[in-house]
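Student: Before anything else, here's the structure in question.
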Amino acid sequence: MSGGGKHDSGNALAGSWLTDTYWYVPASYLPALLAINSSEPRIVTVQDQTVWRITNYSNGYIFGISASNIGFGWSYMLIVGSVTPNGTVKLSFAPRTDANPADPSTQSITIGDGTLRGEGSDAEFVMQMTAGTPATSLTHWARMRPVTPADSEWSSLPGYPGTGVPDLTGLQTPIVHK
């Protein structure tokens, strides 16, 4: 991962270091809450392992693909959003394939809010999201940290140690930008 201009410098190249970067949720931020709104409402703690590939940053906008698994298998979503000069982040996540009826995070578009702090290998996104339906919803906050092939997490994600970033082939989905 290269260090480019600061994300708050205001020029057209600011944040270019975000292009073609990968991000993951470290172990301490995996817990999320799944709300099941049935005749006996329940709240269940699940592990939300998420990985992002930001394929492009330009003029305050980012896009890419995310992979997430809360125990129902990997789901991929298209990411599009913005990062303001002061580091405020707003992202939308849209399911890449048919929604998985067991996974509330694939039932609708997910909106994530947060901040981007630092840059390059010292950066982190601090994000909050909620997704789902009236019957089931998921809420999660996490710190997303950069991950590269030099990191052990690249080959063994904390939430799914048998899975590495290269195994998440959906992250390589090409995105046409006109």
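In the structure tokens, chains take the letters A, B, ... in the order shown, each chain's residues start at 1, and ligands count up from 1 in the order shown.
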As number ranges by chain, please: all residues of region 16-132 of chain A that backbone DSSP puts in strand (DSSP E).
Tutor: A: 21-24, 31-36, 42-47, 49-58, 61-69, 75-83, 88-95, 110-117, 124-132
Student: Could you give me, as a list in words, the residues within 6 Å of Thr136 (chain A), counting only C-alpha atoms and dropping anything in the same chain fewer than 3 positions from it?
Tutor: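 What passes the distance filter is Ala35, Ile36, Asn37, Pro104, Gly132 and Thr133 of chain A.
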Student: From the list A:Ala102, A:Thr163, A:Arg117, A:Ala135, which residue is nearest Phe72 (chain A) when using only C-alpha atoms?
Tutor: A:Ala102
Student: Measuring between only C-alpha atoms, which one of A:Arg143, A:Arg53, A:Lys90, A:Arg96 shows the shortest distance to Tyr29 (chain A)?
Tutor: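 Once distances to Tyr29 (chain A) are computed over only C-alpha atoms, the minimum belongs to A:Arg143.
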Student: Would you pick out the contacts of Leu171 (chain A) at 9 Å or less, using only C-alpha atoms, so that residues sharing its chain but fewer than 4 positions from it are not included, and give the list as a PyMOL selection string?
Tutor: chain A and resi 51-53+64-67+76-77+165-166
Student: Can you spit out the residues from that selection as a PDB file, in the first residue's frame, using N, CA and C atoms?
Tutor:
```pdb
ATOM      1  N   VAL A  51     -14.494  -7.862   4.612  1.00  0.00           N
ATOM      2  CA  VAL A  51     -13.291  -7.456   3.881  1.00  0.00           C
ATOM      3  C   VAL A  51     -13.751  -6.547   2.753  1.00  0.00           C
ATOM      4  N   TRP A  52     -13.070  -5.439   2.572  1.00  0.00           N
ATOM      5  CA  TRP A  52     -13.350  -4.540   1.458  1.00  0.00           C
ATOM      6  C   TRP A  52     -12.166  -4.532   0.505  1.00  0.00           C
ATOM      7  N   ARG A  53     -12.485  -4.374  -0.767  1.00  0.00           N
ATOM      8  CA  ARG A  53     -11.485  -3.986  -1.753  1.00  0.00           C
ATOM      9  C   ARG A  53     -11.956  -2.660  -2.341  1.00  0.00           C
ATOM     10  N   GLY A  64     -15.958   0.006  -4.769  1.00  0.00           N
ATOM     11  CA  GLY A  64     -15.286  -1.277  -4.699  1.00  0.00           C
ATOM     12  C   GLY A  64     -16.268  -2.391  -4.404  1.00  0.00           C
ATOM     13  N   ILE A  65     -15.755  -3.469  -3.832  1.00  0.00           N
ATOM     14  CA  ILE A  65     -16.542  -4.661  -3.515  1.00  0.00           C
ATOM     15  C   ILE A  65     -16.256  -5.049  -2.069  1.00  0.00           C
ATOM     16  N   SER A  66     -17.283  -5.505  -1.366  1.00  0.00           N
ATOM     17  CA  SER A  66     -17.081  -6.035  -0.017  1.00  0.00           C
ATOM     18  C   SER A  66     -17.472  -7.503   0.016  1.00  0.00           C
ATOM     19  N   ALA A  67     -16.841  -8.225   0.922  1.00  0.00           N
ATOM     20  CA  ALA A  67     -17.188  -9.613   1.216  1.00  0.00           C
ATOM     21  C   ALA A  67     -17.483  -9.672   2.708  1.00  0.00           C
ATOM     22  N   TYR A  76     -21.252 -10.938  -1.291  1.00  0.00           N
ATOM     23  CA  TYR A  76     -20.499  -9.841  -1.907  1.00  0.00           C
ATOM     24  C   TYR A  76     -21.442  -8.685  -2.206  1.00  0.00           C
ATOM     25  N   MET A  77     -20.927  -7.474  -1.992  1.00  0.00           N
ATOM     26  CA  MET A  77     -21.723  -6.276  -2.237  1.00  0.00           C
ATOM     27  C   MET A  77     -20.886  -5.235  -2.968  1.00  0.00           C
ATOM     28  N   VAL A 165      -7.818 -13.540   2.183  1.00  0.00           N
ATOM     29  CA  VAL A 165      -8.314 -12.566   1.212  1.00  0.00           C
ATOM     30  C   VAL A 165      -8.282 -13.129  -0.210  1.00  0.00           C
ATOM     31  N   PRO A 166      -7.218 -13.841  -0.643  1.00  0.00           N
ATOM     32  CA  PRO A 166      -7.216 -14.376  -2.011  1.00  0.00           C
ATOM     33  C   PRO A 166      -8.337 -15.385  -2.275  1.00  0.00           C
TER      34      PRO A 166
END
```
Student: Return the single residue from A:Gly170, A:Gly15, A:Pro161, A:Gly118 that is closest to Ser68 (chain A), with distances computed using only C-alpha atoms.
Tutor: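 The closest residue to Ser68 (chain A) is A:Gly170.
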Student: Can you list, as a ChimeraX atom specification, every residue of chain A that DSSP puts in helix (DSSP H, G or I)?
Tutor: /A:16-18,27-29,104-106,120-122,152-155,165-167,169-172
Student: As an exercise, work out the distance from CA of Thr55 (chain A) to CA of Asp167 (chain A) in Å and give it to one decimal place.
Tutor: 17.4 Å
Student: Please measure the separation of CA of Pro31 (chain A) and CA of Gly60 (chain A), giving the value in Å to one decimal.
Tutor: 29.8 Å
Student: If I take CA of Pro149 (chain A) and CA of Gly164 (chain A), how far is one from the other in Å, to one decimal?
Tutor: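 That distance, rounded to one decimal, is 9.8 Å.
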Student: Using only C-alpha atoms, find the one residue out of A:Ile43, A:Ile62, A:Leu34, A:Val25 that sits nearest to His177 (chain A).
Tutor: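 That would be A:Ile62, the residue with the smallest distance to His177 (chain A).
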Student: Ranking A:Gln172, A:Leu33, A:Thr97, A:Gln128 by minimum distance to Thr45 (chain A) and counting only C-alpha atoms, which one comes first?
Tutor: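 Selected residue with least distance to Thr45 (chain A): A:Leu33.
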Student: Rank A:Leu91, A:Ala27, A:Val147, A:Val44 by their smallest atom-to-atom distance to Gly120 (chain A), using only C-alpha atoms, and report the top residue only.
Tutor: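 Smallest distance to Gly120 (chain A) is found for A:Val147.
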